[in-house]
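Source file work-v2.cif; content: mmCIF, N, CA and C atoms.
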```cif
data_run
#
loop_
_atom_site.label_atom_id
_atom_site.label_comp_id
_atom_site.auth_asym_id
_atom_site.auth_seq_id
_atom_site.Cartn_x
_atom_site.Cartn_y
_atom_site.Cartn_z
N MET A 704 0.84 -1.17 0.00
CA MET A 704 0.00 0.00 0.00
C MET A 704 0.89 1.24 0.00
N ALA A 705 0.45 2.25 -0.67
CA ALA A 705 1.22 3.48 -0.79
C ALA A 705 1.27 4.22 0.55
N ASP A 706 2.33 5.00 0.70
CA ASP A 706 2.45 5.85 1.88
C ASP A 706 1.58 7.08 1.69
N ILE A 707 1.34 7.77 2.79
CA ILE A 707 0.60 9.03 2.73
C ILE A 707 1.47 10.03 1.97
N PRO A 708 0.90 10.71 0.97
CA PRO A 708 1.69 11.72 0.27
C PRO A 708 2.23 12.77 1.25
N ASN A 709 3.41 13.24 0.98
CA ASN A 709 4.06 14.22 1.86
C ASN A 709 3.52 15.62 1.55
N ARG A 710 2.44 15.97 2.25
CA ARG A 710 1.82 17.28 2.10
C ARG A 710 1.58 17.86 3.48
N PRO A 711 1.71 19.16 3.63
CA PRO A 711 1.43 19.75 4.95
C PRO A 711 -0.02 19.52 5.39
N GLU A 712 -0.93 19.42 4.44
CA GLU A 712 -2.35 19.19 4.78
C GLU A 712 -2.56 17.83 5.45
N TYR A 713 -1.66 16.90 5.22
CA TYR A 713 -1.83 15.53 5.69
C TYR A 713 -0.97 15.23 6.92
N ALA A 714 -0.43 16.25 7.59
CA ALA A 714 0.57 16.03 8.63
C ALA A 714 0.03 15.99 10.06
N SER A 715 -1.20 16.41 10.30
CA SER A 715 -1.68 16.52 11.69
C SER A 715 -2.03 15.15 12.28
N ASP A 716 -2.02 15.10 13.59
CA ASP A 716 -2.45 13.89 14.29
C ASP A 716 -3.91 13.59 14.01
N LEU A 717 -4.74 14.64 13.94
CA LEU A 717 -6.16 14.45 13.66
C LEU A 717 -6.35 13.85 12.27
N PHE A 718 -5.55 14.29 11.31
CA PHE A 718 -5.62 13.71 9.96
C PHE A 718 -5.29 12.23 10.01
N ARG A 719 -4.23 11.87 10.68
CA ARG A 719 -3.80 10.46 10.75
C ARG A 719 -4.84 9.60 11.48
N GLN A 720 -5.44 10.15 12.53
CA GLN A 720 -6.49 9.43 13.25
C GLN A 720 -7.70 9.21 12.34
N GLY A 721 -8.12 10.26 11.65
CA GLY A 721 -9.25 10.15 10.73
C GLY A 721 -8.94 9.23 9.57
N LEU A 722 -7.71 9.27 9.11
CA LEU A 722 -7.30 8.44 7.98
C LEU A 722 -7.46 6.95 8.31
N GLU A 723 -7.09 6.56 9.52
CA GLU A 723 -7.22 5.15 9.90
C GLU A 723 -8.68 4.70 9.86
N VAL A 724 -9.58 5.51 10.39
CA VAL A 724 -11.00 5.16 10.38
C VAL A 724 -11.52 5.15 8.95
N ARG A 725 -11.18 6.17 8.20
CA ARG A 725 -11.62 6.27 6.81
C ARG A 725 -11.20 5.05 6.01
N LYS A 726 -9.95 4.60 6.17
CA LYS A 726 -9.47 3.42 5.45
C LYS A 726 -10.20 2.16 5.90
N GLU A 727 -10.46 2.04 7.19
CA GLU A 727 -11.17 0.85 7.69
C GLU A 727 -12.59 0.77 7.16
N VAL A 728 -13.25 1.91 7.02
CA VAL A 728 -14.65 1.92 6.58
C VAL A 728 -14.75 1.88 5.05
N LEU A 729 -14.00 2.70 4.36
CA LEU A 729 -14.16 2.84 2.91
C LEU A 729 -13.20 1.97 2.11
N GLY A 730 -12.21 1.42 2.75
CA GLY A 730 -11.21 0.61 2.05
C GLY A 730 -9.93 1.39 1.83
N ALA A 731 -8.82 0.79 2.22
CA ALA A 731 -7.53 1.48 2.16
C ALA A 731 -7.15 1.87 0.73
N ASP A 732 -7.38 0.98 -0.23
CA ASP A 732 -6.99 1.30 -1.62
C ASP A 732 -7.72 2.54 -2.12
N TYR A 733 -9.04 2.58 -1.92
CA TYR A 733 -9.83 3.72 -2.36
C TYR A 733 -9.32 5.02 -1.72
N VAL A 734 -9.12 4.99 -0.41
CA VAL A 734 -8.72 6.20 0.31
C VAL A 734 -7.34 6.65 -0.11
N MET A 735 -6.40 5.74 -0.18
CA MET A 735 -5.04 6.13 -0.54
C MET A 735 -4.96 6.63 -1.98
N GLN A 736 -5.76 6.07 -2.88
CA GLN A 736 -5.82 6.59 -4.25
C GLN A 736 -6.37 8.01 -4.26
N SER A 737 -7.39 8.26 -3.42
CA SER A 737 -7.96 9.60 -3.34
C SER A 737 -6.91 10.61 -2.87
N LEU A 738 -6.14 10.24 -1.87
CA LEU A 738 -5.09 11.14 -1.39
C LEU A 738 -4.01 11.35 -2.43
N ALA A 739 -3.61 10.28 -3.08
CA ALA A 739 -2.53 10.37 -4.07
C ALA A 739 -2.93 11.22 -5.28
N LYS A 740 -4.21 11.18 -5.65
CA LYS A 740 -4.68 11.94 -6.81
C LYS A 740 -4.86 13.43 -6.53
N ALA A 741 -4.93 13.78 -5.26
CA ALA A 741 -5.20 15.18 -4.90
C ALA A 741 -4.02 16.07 -5.29
N ASP A 742 -4.34 17.12 -6.02
CA ASP A 742 -3.32 18.10 -6.38
C ASP A 742 -3.27 19.20 -5.31
N ASP A 743 -2.50 20.25 -5.56
CA ASP A 743 -2.37 21.32 -4.58
C ASP A 743 -3.72 21.96 -4.25
N PHE A 744 -4.61 22.03 -5.21
CA PHE A 744 -5.93 22.61 -4.99
C PHE A 744 -6.82 21.70 -4.16
N PHE A 745 -6.84 20.41 -4.47
CA PHE A 745 -7.79 19.47 -3.87
C PHE A 745 -7.32 18.89 -2.54
N ALA A 746 -6.05 19.03 -2.22
CA ALA A 746 -5.52 18.47 -0.97
C ALA A 746 -6.22 19.07 0.25
N ALA A 747 -6.62 20.33 0.18
CA ALA A 747 -7.33 20.96 1.30
C ALA A 747 -8.67 20.27 1.54
N PHE A 748 -9.35 19.86 0.48
CA PHE A 748 -10.61 19.13 0.62
C PHE A 748 -10.37 17.77 1.27
N GLN A 749 -9.32 17.08 0.85
CA GLN A 749 -8.97 15.79 1.45
C GLN A 749 -8.68 15.97 2.94
N GLN A 750 -8.00 17.04 3.29
CA GLN A 750 -7.71 17.32 4.69
C GLN A 750 -9.01 17.53 5.46
N LEU A 751 -9.89 18.36 4.94
CA LEU A 751 -11.17 18.65 5.60
C LEU A 751 -11.97 17.37 5.82
N THR A 752 -12.13 16.57 4.77
CA THR A 752 -12.98 15.39 4.89
C THR A 752 -12.34 14.29 5.73
N THR A 753 -11.04 14.27 5.82
CA THR A 753 -10.39 13.26 6.66
C THR A 753 -10.38 13.68 8.13
N GLU A 754 -10.11 14.94 8.40
CA GLU A 754 -10.02 15.40 9.78
C GLU A 754 -11.39 15.55 10.45
N VAL A 755 -12.34 16.19 9.77
CA VAL A 755 -13.59 16.52 10.45
C VAL A 755 -14.54 15.32 10.53
N PRO A 756 -15.08 14.81 9.41
CA PRO A 756 -16.01 13.68 9.59
C PRO A 756 -15.33 12.44 10.16
N TRP A 757 -14.15 12.09 9.62
CA TRP A 757 -13.52 10.83 10.02
C TRP A 757 -12.72 10.96 11.31
N GLY A 758 -12.02 12.06 11.50
CA GLY A 758 -11.19 12.23 12.69
C GLY A 758 -11.94 12.74 13.90
N MET A 759 -12.94 13.58 13.69
CA MET A 759 -13.66 14.18 14.81
C MET A 759 -15.00 13.49 15.10
N ILE A 760 -15.73 13.09 14.06
CA ILE A 760 -17.09 12.57 14.26
C ILE A 760 -17.11 11.05 14.34
N TRP A 761 -16.53 10.36 13.36
CA TRP A 761 -16.57 8.89 13.34
C TRP A 761 -15.80 8.28 14.51
N THR A 762 -14.94 9.03 15.15
CA THR A 762 -14.18 8.51 16.28
C THR A 762 -14.85 8.77 17.62
N ARG A 763 -15.95 9.48 17.63
CA ARG A 763 -16.64 9.77 18.90
C ARG A 763 -17.26 8.48 19.46
N PRO A 764 -17.36 8.39 20.77
CA PRO A 764 -17.87 7.15 21.38
C PRO A 764 -19.40 7.03 21.39
N GLY A 765 -20.14 8.06 21.04
CA GLY A 765 -21.59 8.07 21.20
C GLY A 765 -22.38 7.10 20.35
N LEU A 766 -21.85 6.72 19.19
CA LEU A 766 -22.52 5.77 18.29
C LEU A 766 -21.49 4.77 17.79
N ALA A 767 -21.92 3.54 17.61
CA ALA A 767 -21.06 2.52 17.00
C ALA A 767 -20.93 2.84 15.51
N ARG A 768 -19.87 2.36 14.90
CA ARG A 768 -19.66 2.60 13.47
C ARG A 768 -20.83 2.12 12.62
N ARG A 769 -21.40 0.97 12.95
CA ARG A 769 -22.52 0.45 12.14
C ARG A 769 -23.69 1.41 12.22
N ASP A 770 -23.92 2.02 13.39
CA ASP A 770 -25.02 2.97 13.53
C ASP A 770 -24.72 4.26 12.76
N ARG A 771 -23.48 4.70 12.79
CA ARG A 771 -23.10 5.87 12.00
C ARG A 771 -23.31 5.58 10.51
N SER A 772 -23.00 4.37 10.09
CA SER A 772 -23.22 4.00 8.69
C SER A 772 -24.70 4.09 8.33
N LEU A 773 -25.57 3.60 9.19
CA LEU A 773 -27.01 3.67 8.93
C LEU A 773 -27.47 5.12 8.82
N VAL A 774 -26.98 5.97 9.70
CA VAL A 774 -27.34 7.39 9.66
C VAL A 774 -26.87 8.02 8.36
N VAL A 775 -25.64 7.73 7.96
CA VAL A 775 -25.10 8.30 6.72
C VAL A 775 -25.91 7.83 5.52
N LEU A 776 -26.26 6.55 5.48
CA LEU A 776 -27.08 6.06 4.36
C LEU A 776 -28.40 6.82 4.29
N ALA A 777 -29.05 7.00 5.42
CA ALA A 777 -30.32 7.72 5.43
C ALA A 777 -30.15 9.14 4.92
N MET A 778 -29.11 9.80 5.35
CA MET A 778 -28.88 11.18 4.90
C MET A 778 -28.59 11.25 3.41
N LEU A 779 -27.84 10.29 2.91
CA LEU A 779 -27.52 10.30 1.48
C LEU A 779 -28.74 10.02 0.63
N VAL A 780 -29.68 9.21 1.13
CA VAL A 780 -30.95 9.03 0.43
C VAL A 780 -31.65 10.38 0.37
N GLY A 781 -31.75 11.05 1.53
CA GLY A 781 -32.44 12.33 1.60
C GLY A 781 -31.82 13.39 0.72
N LEU A 782 -30.52 13.36 0.59
CA LEU A 782 -29.82 14.33 -0.26
C LEU A 782 -29.80 13.91 -1.73
N SER A 783 -30.26 12.68 -1.99
CA SER A 783 -30.25 12.12 -3.35
C SER A 783 -28.85 12.16 -3.95
N LYS A 784 -27.93 11.49 -3.26
CA LYS A 784 -26.53 11.43 -3.68
C LYS A 784 -26.12 9.97 -3.93
N PRO A 785 -26.58 9.37 -5.04
CA PRO A 785 -26.33 7.94 -5.27
C PRO A 785 -24.86 7.57 -5.40
N ALA A 786 -24.03 8.43 -5.96
CA ALA A 786 -22.61 8.07 -6.10
C ALA A 786 -21.96 7.94 -4.72
N GLU A 787 -22.23 8.87 -3.84
CA GLU A 787 -21.68 8.80 -2.48
C GLU A 787 -22.34 7.66 -1.70
N LEU A 788 -23.61 7.40 -1.99
CA LEU A 788 -24.32 6.31 -1.32
C LEU A 788 -23.65 4.97 -1.64
N LYS A 789 -23.23 4.77 -2.89
CA LYS A 789 -22.55 3.52 -3.26
C LYS A 789 -21.33 3.29 -2.37
N LEU A 790 -20.55 4.32 -2.20
CA LEU A 790 -19.35 4.23 -1.38
C LEU A 790 -19.72 3.86 0.05
N HIS A 791 -20.78 4.47 0.57
CA HIS A 791 -21.15 4.22 1.95
C HIS A 791 -21.94 2.93 2.14
N VAL A 792 -22.53 2.39 1.08
CA VAL A 792 -23.11 1.04 1.18
C VAL A 792 -21.97 0.05 1.42
N LYS A 793 -20.88 0.21 0.67
CA LYS A 793 -19.72 -0.66 0.90
C LYS A 793 -19.19 -0.49 2.32
N GLY A 794 -19.11 0.75 2.77
CA GLY A 794 -18.65 1.02 4.13
C GLY A 794 -19.58 0.43 5.18
N ALA A 795 -20.88 0.52 4.94
CA ALA A 795 -21.86 -0.04 5.89
C ALA A 795 -21.68 -1.55 6.00
N ILE A 796 -21.48 -2.20 4.87
CA ILE A 796 -21.26 -3.65 4.89
C ILE A 796 -19.99 -3.96 5.69
N ALA A 797 -18.94 -3.17 5.47
CA ALA A 797 -17.70 -3.36 6.23
C ALA A 797 -17.92 -3.15 7.72
N ASN A 798 -18.90 -2.31 8.07
CA ASN A 798 -19.20 -2.02 9.47
C ASN A 798 -20.24 -2.97 10.06
N GLY A 799 -20.61 -4.03 9.31
CA GLY A 799 -21.50 -5.04 9.86
C GLY A 799 -22.98 -4.82 9.60
N VAL A 800 -23.32 -3.86 8.78
CA VAL A 800 -24.72 -3.63 8.43
C VAL A 800 -25.14 -4.68 7.40
N THR A 801 -26.29 -5.29 7.58
CA THR A 801 -26.75 -6.32 6.65
C THR A 801 -27.49 -5.69 5.47
N ARG A 802 -27.63 -6.46 4.43
CA ARG A 802 -28.39 -5.98 3.26
C ARG A 802 -29.84 -5.70 3.63
N ASP A 803 -30.42 -6.52 4.50
CA ASP A 803 -31.79 -6.27 4.93
C ASP A 803 -31.89 -4.95 5.68
N GLU A 804 -30.90 -4.64 6.51
CA GLU A 804 -30.91 -3.35 7.22
C GLU A 804 -30.74 -2.20 6.24
N ILE A 805 -29.88 -2.36 5.25
CA ILE A 805 -29.73 -1.33 4.21
C ILE A 805 -31.05 -1.13 3.49
N LYS A 806 -31.70 -2.23 3.13
CA LYS A 806 -33.01 -2.14 2.45
C LYS A 806 -34.00 -1.35 3.30
N GLU A 807 -34.05 -1.63 4.60
CA GLU A 807 -35.00 -0.94 5.48
C GLU A 807 -34.71 0.55 5.56
N VAL A 808 -33.43 0.92 5.61
CA VAL A 808 -33.07 2.34 5.62
C VAL A 808 -33.51 3.00 4.32
N LEU A 809 -33.30 2.33 3.20
CA LEU A 809 -33.69 2.89 1.91
C LEU A 809 -35.20 3.02 1.79
N LEU A 810 -35.93 2.03 2.28
CA LEU A 810 -37.40 2.13 2.28
C LEU A 810 -37.87 3.30 3.13
N GLN A 811 -37.28 3.45 4.30
CA GLN A 811 -37.61 4.58 5.17
C GLN A 811 -37.31 5.88 4.45
N GLY A 812 -36.18 5.91 3.74
CA GLY A 812 -35.82 7.09 2.97
C GLY A 812 -36.82 7.43 1.89
N CYS A 813 -37.40 6.39 1.27
CA CYS A 813 -38.43 6.63 0.25
C CYS A 813 -39.60 7.45 0.83
N ILE A 814 -39.97 7.13 2.05
CA ILE A 814 -41.10 7.80 2.67
C ILE A 814 -40.76 9.23 3.05
N TYR A 815 -39.62 9.44 3.66
CA TYR A 815 -39.29 10.76 4.19
C TYR A 815 -38.57 11.66 3.20
N ALA A 816 -37.88 11.09 2.21
CA ALA A 816 -37.15 11.91 1.24
C ALA A 816 -37.82 11.90 -0.13
N GLY A 817 -38.75 10.97 -0.35
CA GLY A 817 -39.45 10.89 -1.62
C GLY A 817 -39.05 9.65 -2.39
N VAL A 818 -39.99 9.13 -3.13
CA VAL A 818 -39.78 7.91 -3.90
C VAL A 818 -38.68 8.09 -4.95
N PRO A 819 -38.58 9.22 -5.67
CA PRO A 819 -37.49 9.33 -6.64
C PRO A 819 -36.10 9.23 -5.98
N ALA A 820 -35.94 9.86 -4.82
CA ALA A 820 -34.66 9.75 -4.11
C ALA A 820 -34.43 8.31 -3.66
N GLY A 821 -35.47 7.66 -3.19
CA GLY A 821 -35.36 6.27 -2.77
C GLY A 821 -35.02 5.35 -3.92
N LEU A 822 -35.63 5.60 -5.08
CA LEU A 822 -35.34 4.79 -6.26
C LEU A 822 -33.86 4.91 -6.64
N GLU A 823 -33.34 6.12 -6.64
CA GLU A 823 -31.91 6.30 -6.94
C GLU A 823 -31.04 5.57 -5.94
N ALA A 824 -31.45 5.59 -4.67
CA ALA A 824 -30.70 4.89 -3.63
C ALA A 824 -30.73 3.39 -3.85
N PHE A 825 -31.91 2.84 -4.17
CA PHE A 825 -32.00 1.41 -4.42
C PHE A 825 -31.15 1.01 -5.62
N LYS A 826 -31.18 1.81 -6.68
CA LYS A 826 -30.35 1.51 -7.86
C LYS A 826 -28.87 1.50 -7.48
N ALA A 827 -28.45 2.48 -6.69
CA ALA A 827 -27.05 2.57 -6.28
C ALA A 827 -26.66 1.36 -5.43
N ALA A 828 -27.50 1.01 -4.47
CA ALA A 828 -27.19 -0.14 -3.61
C ALA A 828 -27.14 -1.42 -4.42
N MET A 829 -28.07 -1.59 -5.34
CA MET A 829 -28.07 -2.80 -6.17
C MET A 829 -26.81 -2.89 -7.01
N GLU A 830 -26.33 -1.75 -7.48
CA GLU A 830 -25.09 -1.74 -8.26
C GLU A 830 -23.91 -2.23 -7.39
N VAL A 831 -23.87 -1.80 -6.14
CA VAL A 831 -22.83 -2.26 -5.23
C VAL A 831 -22.96 -3.76 -4.99
N PHE A 832 -24.18 -4.24 -4.76
CA PHE A 832 -24.38 -5.67 -4.53
C PHE A 832 -23.96 -6.49 -5.75
N ARG A 833 -24.23 -5.97 -6.96
CA ARG A 833 -23.79 -6.68 -8.18
C ARG A 833 -22.27 -6.71 -8.27
N GLU A 834 -21.61 -5.62 -7.85
CA GLU A 834 -20.15 -5.62 -7.83
C GLU A 834 -19.62 -6.70 -6.90
N ILE A 835 -20.28 -6.84 -5.77
CA ILE A 835 -19.84 -7.81 -4.77
C ILE A 835 -20.16 -9.23 -5.21
N ASP A 836 -21.38 -9.46 -5.71
CA ASP A 836 -21.88 -10.81 -6.01
C ASP A 836 -21.67 -11.25 -7.44
N GLY A 837 -21.54 -10.32 -8.34
CA GLY A 837 -21.60 -10.64 -9.76
C GLY A 837 -23.06 -10.60 -10.19
N PRO A 838 -23.33 -10.49 -11.47
CA PRO A 838 -24.72 -10.37 -11.93
C PRO A 838 -25.52 -11.65 -11.74
N THR A 839 -26.76 -11.45 -11.37
CA THR A 839 -27.72 -12.56 -11.25
C THR A 839 -29.02 -12.09 -11.86
N PRO A 840 -29.87 -13.02 -12.32
CA PRO A 840 -31.14 -12.61 -12.91
C PRO A 840 -32.00 -11.78 -11.94
N ALA A 841 -31.93 -12.05 -10.64
CA ALA A 841 -32.77 -11.34 -9.68
C ALA A 841 -32.24 -9.93 -9.41
N SER A 842 -31.05 -9.59 -9.90
CA SER A 842 -30.49 -8.27 -9.57
C SER A 842 -30.60 -7.30 -10.73
N ALA A 843 -31.53 -7.52 -11.64
CA ALA A 843 -31.72 -6.60 -12.75
C ALA A 843 -32.16 -5.24 -12.20
N PRO A 844 -31.66 -4.14 -12.79
CA PRO A 844 -32.02 -2.83 -12.28
C PRO A 844 -33.52 -2.55 -12.49
N PRO A 845 -34.10 -1.73 -11.60
CA PRO A 845 -35.52 -1.40 -11.75
C PRO A 845 -35.74 -0.58 -13.02
N VAL A 846 -36.94 -0.66 -13.52
CA VAL A 846 -37.29 0.05 -14.76
C VAL A 846 -37.72 1.45 -14.45
#
```
Here is the file; what I need is its structure written in the form of structure tokens.
Amino acid sequence: MADIPNRPEYASDLFRQGLEVRKEVLGADYVMQSLAKADDFFAAFQQLTTEVPWGMIWTRPGLARRDRSLVVLAMLVGLSKPAELKLHVKGAIANGVTRDEIKEVLLQGCIYAGVPAGLEAFKAAMEVFREIDGPTPASAPPV
């Protein structure tokens, strides 16, 4: 695995603490590629997202990681952000969330965020499941 790029944005203890959690939830390869691709402009964004959500929030003792994953999934349904939802479906699975629990969060999201947002979330989750399982006749995308 690659080392952390040598940037001042990536040097704080909070960054390193957040980086460990971020890698455990989202996958080390994905995270390290994101850091390596960041140029001088984008490195500040990588610092922000690693230190604040991952270093300050995901490390708090008030909720277990699996519960934080459920909350994030619900919010991403509400915001209608399927690309980010795909990433966090993978993270939720890594945090012990079951597919049935993901389904229930997405169904709840349909009611509170709207069916179109829920549909996008279901499509995104199904795409992740197909990546994990390979294609099956039962996993055809909704029409």
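Atom pair atom CA of Gln811 of chain A / atom C of Arg763 of chain A: separated by 25.2 Å.
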One decimal place gives the atom CA of Glu754 of chain A-atom CA of Ala824 of chain A separation as 26.8 Å
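Here the PyMOL selection byres ((chain A and resi 725-735) around 6.5) captures the residues Gln720, Gly721, Leu722, Glu723, Val724, Gln736, Ser737, Leu738, Ala739, Lys740, Trp757, Leu790, Lys793, Gly794, Ala795, Ala797 and Asn798 of chain A.
Candidate residues A:Val792, A:Met778, A:Glu807, A:Val818 were compared for distance to Phe832 of chain A, and the nearest is A:Val792, using only N, CA and C atoms.
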Distance atom CA of Thr752 of chain A-atom CA of Ile796 of chain A, one decimal place? 20.8 Å
Considering only C-alpha atoms, return as a PDB file with N, CA and C atoms, in the coordinates of the input whatever protein or nucleic-acid residues lie within 12 Å of Ala714 of chain A, sequence-local ones (same chain, fewer than 3 positions apart) excluded.
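Below is the file out19.pdb, written as the result:
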```pdb
ATOM      1  N   ILE A 707       1.340   7.770   2.790  1.00  0.00           N
ATOM      2  CA  ILE A 707       0.600   9.030   2.730  1.00  0.00           C
ATOM      3  C   ILE A 707       1.470  10.030   1.970  1.00  0.00           C
ATOM      4  N   PRO A 708       0.900  10.710   0.970  1.00  0.00           N
ATOM      5  CA  PRO A 708       1.690  11.720   0.270  1.00  0.00           C
ATOM      6  C   PRO A 708       2.230  12.770   1.250  1.00  0.00           C
ATOM      7  N   ASN A 709       3.410  13.240   0.980  1.00  0.00           N
ATOM      8  CA  ASN A 709       4.060  14.220   1.860  1.00  0.00           C
ATOM      9  C   ASN A 709       3.520  15.620   1.550  1.00  0.00           C
ATOM     10  N   ARG A 710       2.440  15.970   2.250  1.00  0.00           N
ATOM     11  CA  ARG A 710       1.820  17.280   2.100  1.00  0.00           C
ATOM     12  C   ARG A 710       1.580  17.860   3.480  1.00  0.00           C
ATOM     13  N   PRO A 711       1.710  19.160   3.630  1.00  0.00           N
ATOM     14  CA  PRO A 711       1.430  19.750   4.950  1.00  0.00           C
ATOM     15  C   PRO A 711      -0.020  19.520   5.390  1.00  0.00           C
ATOM     16  N   LEU A 717      -4.740  14.640  13.940  1.00  0.00           N
ATOM     17  CA  LEU A 717      -6.160  14.450  13.660  1.00  0.00           C
ATOM     18  C   LEU A 717      -6.350  13.850  12.270  1.00  0.00           C
ATOM     19  N   PHE A 718      -5.550  14.290  11.310  1.00  0.00           N
ATOM     20  CA  PHE A 718      -5.620  13.710   9.960  1.00  0.00           C
ATOM     21  C   PHE A 718      -5.290  12.230  10.010  1.00  0.00           C
ATOM     22  N   ARG A 719      -4.230  11.870  10.680  1.00  0.00           N
ATOM     23  CA  ARG A 719      -3.800  10.460  10.750  1.00  0.00           C
ATOM     24  C   ARG A 719      -4.840   9.600  11.480  1.00  0.00           C
ATOM     25  N   GLN A 720      -5.440  10.150  12.530  1.00  0.00           N
ATOM     26  CA  GLN A 720      -6.490   9.430  13.250  1.00  0.00           C
ATOM     27  C   GLN A 720      -7.700   9.210  12.340  1.00  0.00           C
ATOM     28  N   GLY A 721      -8.120  10.260  11.650  1.00  0.00           N
ATOM     29  CA  GLY A 721      -9.250  10.150  10.730  1.00  0.00           C
ATOM     30  C   GLY A 721      -8.940   9.230   9.570  1.00  0.00           C
ATOM     31  N   LEU A 722      -7.710   9.270   9.110  1.00  0.00           N
ATOM     32  CA  LEU A 722      -7.300   8.440   7.980  1.00  0.00           C
ATOM     33  C   LEU A 722      -7.460   6.950   8.310  1.00  0.00           C
ATOM     34  N   ALA A 746      -6.050  19.030  -2.220  1.00  0.00           N
ATOM     35  CA  ALA A 746      -5.520  18.470  -0.970  1.00  0.00           C
ATOM     36  C   ALA A 746      -6.220  19.070   0.250  1.00  0.00           C
ATOM     37  N   ALA A 747      -6.620  20.330   0.180  1.00  0.00           N
ATOM     38  CA  ALA A 747      -7.330  20.960   1.300  1.00  0.00           C
ATOM     39  C   ALA A 747      -8.670  20.270   1.540  1.00  0.00           C
ATOM     40  N   GLN A 749      -9.320  17.080   0.850  1.00  0.00           N
ATOM     41  CA  GLN A 749      -8.970  15.790   1.450  1.00  0.00           C
ATOM     42  C   GLN A 749      -8.680  15.970   2.940  1.00  0.00           C
ATOM     43  N   GLN A 750      -8.000  17.040   3.290  1.00  0.00           N
ATOM     44  CA  GLN A 750      -7.710  17.320   4.690  1.00  0.00           C
ATOM     45  C   GLN A 750      -9.010  17.530   5.460  1.00  0.00           C
ATOM     46  N   THR A 753     -11.040  14.270   5.820  1.00  0.00           N
ATOM     47  CA  THR A 753     -10.390  13.260   6.660  1.00  0.00           C
ATOM     48  C   THR A 753     -10.380  13.680   8.130  1.00  0.00           C
ATOM     49  N   GLU A 754     -10.110  14.940   8.400  1.00  0.00           N
ATOM     50  CA  GLU A 754     -10.020  15.400   9.780  1.00  0.00           C
ATOM     51  C   GLU A 754     -11.390  15.550  10.450  1.00  0.00           C
TER      52      GLU A 754
END
```
Need the shell around segment 779-783 of chain A: protein/DNA/RNA residues with any atom at most 6.5 Å away, counting all atoms listed in the file. Skip same-chain ones fewer than 2 positions apart. Format as a JSON list (two decimals) with N, CA and C atoms, keeping the file's coordinate frame?
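File written: result-v2.json
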```json
[["chain", "number", "residue", "atom", "x", "y", "z"],
["A", 774, "VAL", "N", -26.98, 5.97, 9.70],
["A", 774, "VAL", "CA", -27.34, 7.39, 9.66],
["A", 774, "VAL", "C", -26.87, 8.02, 8.36],
["A", 775, "VAL", "N", -25.64, 7.73, 7.96],
["A", 775, "VAL", "CA", -25.10, 8.30, 6.72],
["A", 775, "VAL", "C", -25.91, 7.83, 5.52],
["A", 776, "LEU", "N", -26.26, 6.55, 5.48],
["A", 776, "LEU", "CA", -27.08, 6.06, 4.36],
["A", 776, "LEU", "C", -28.40, 6.82, 4.29],
["A", 777, "ALA", "N", -29.05, 7.00, 5.42],
["A", 777, "ALA", "CA", -30.32, 7.72, 5.43],
["A", 777, "ALA", "C", -30.15, 9.14, 4.92],
["A", 785, "PRO", "N", -26.58, 9.37, -5.04],
["A", 785, "PRO", "CA", -26.33, 7.94, -5.27],
["A", 785, "PRO", "C", -24.86, 7.57, -5.40],
["A", 786, "ALA", "N", -24.03, 8.43, -5.96],
["A", 786, "ALA", "CA", -22.61, 8.07, -6.10],
["A", 786, "ALA", "C", -21.96, 7.94, -4.72],
["A", 788, "LEU", "N", -23.61, 7.40, -1.99],
["A", 788, "LEU", "CA", -24.32, 6.31, -1.32],
["A", 788, "LEU", "C", -23.65, 4.97, -1.64],
["A", 812, "GLY", "N", -36.18, 5.91, 3.74],
["A", 812, "GLY", "CA", -35.82, 7.09, 2.97],
["A", 812, "GLY", "C", -36.82, 7.43, 1.89],
["A", 815, "TYR", "N", -39.62, 9.44, 3.66],
["A", 815, "TYR", "CA", -39.29, 10.76, 4.19],
["A", 815, "TYR", "C", -38.57, 11.66, 3.20],
["A", 816, "ALA", "N", -37.88, 11.09, 2.21],
["A", 816, "ALA", "CA", -37.15, 11.91, 1.24],
["A", 816, "ALA", "C", -37.82, 11.90, -0.13],
["A", 820, "ALA", "N", -35.94, 9.86, -4.82],
["A", 820, "ALA", "CA", -34.66, 9.75, -4.11],
["A", 820, "ALA", "C", -34.43, 8.31, -3.66],
["A", 821, "GLY", "N", -35.47, 7.66, -3.19],
["A", 821, "GLY", "CA", -35.36, 6.27, -2.77],
["A", 821, "GLY", "C", -35.02, 5.35, -3.92],
["A", 824, "ALA", "N", -31.45, 5.59, -4.67],
["A", 824, "ALA", "CA", -30.70, 4.89, -3.63],
["A", 824, "ALA", "C", -30.73, 3.39, -3.85]]
```
Spatial neighbours of Leu822 of chain A, 9 Å, only C-alpha atoms, chain gap at least 3 places, as a ChimeraX atom specification: /A:809,813,817-819,825-827,845
Considering all atoms listed in the file, state which residue in the set A:Thr839, A:Glu823, A:Gly799, A:Ala741 is at the smallest distance from Asp770 of chain A. A:Gly799
Please write a file for segment 751-764 of chain A, taken from the block I just shared, that holds C-alpha atoms and is laid out as a PDB file, in the first residue's frame.
```pdb
ATOM      1  CA  LEU A 751     -11.165  18.646   5.604  1.00  0.00           C
ATOM      2  CA  THR A 752     -12.983  15.387   4.892  1.00  0.00           C
ATOM      3  CA  THR A 753     -10.385  13.260   6.656  1.00  0.00           C
ATOM      4  CA  GLU A 754     -10.021  15.399   9.781  1.00  0.00           C
ATOM      5  CA  VAL A 755     -13.590  16.516  10.453  1.00  0.00           C
ATOM      6  CA  PRO A 756     -16.006  13.680   9.590  1.00  0.00           C
ATOM      7  CA  TRP A 757     -13.518  10.826  10.021  1.00  0.00           C
ATOM      8  CA  GLY A 758     -11.188  12.229  12.690  1.00  0.00           C
ATOM      9  CA  MET A 759     -13.661  14.176  14.814  1.00  0.00           C
ATOM     10  CA  ILE A 760     -17.086  12.569  14.256  1.00  0.00           C
ATOM     11  CA  TRP A 761     -16.574   8.894  13.342  1.00  0.00           C
ATOM     12  CA  THR A 762     -14.179   8.505  16.281  1.00  0.00           C
ATOM     13  CA  ARG A 763     -16.644   9.768  18.898  1.00  0.00           C
ATOM     14  CA  PRO A 764     -17.869   7.153  21.382  1.00  0.00           C
TER      15      PRO A 764
END
```
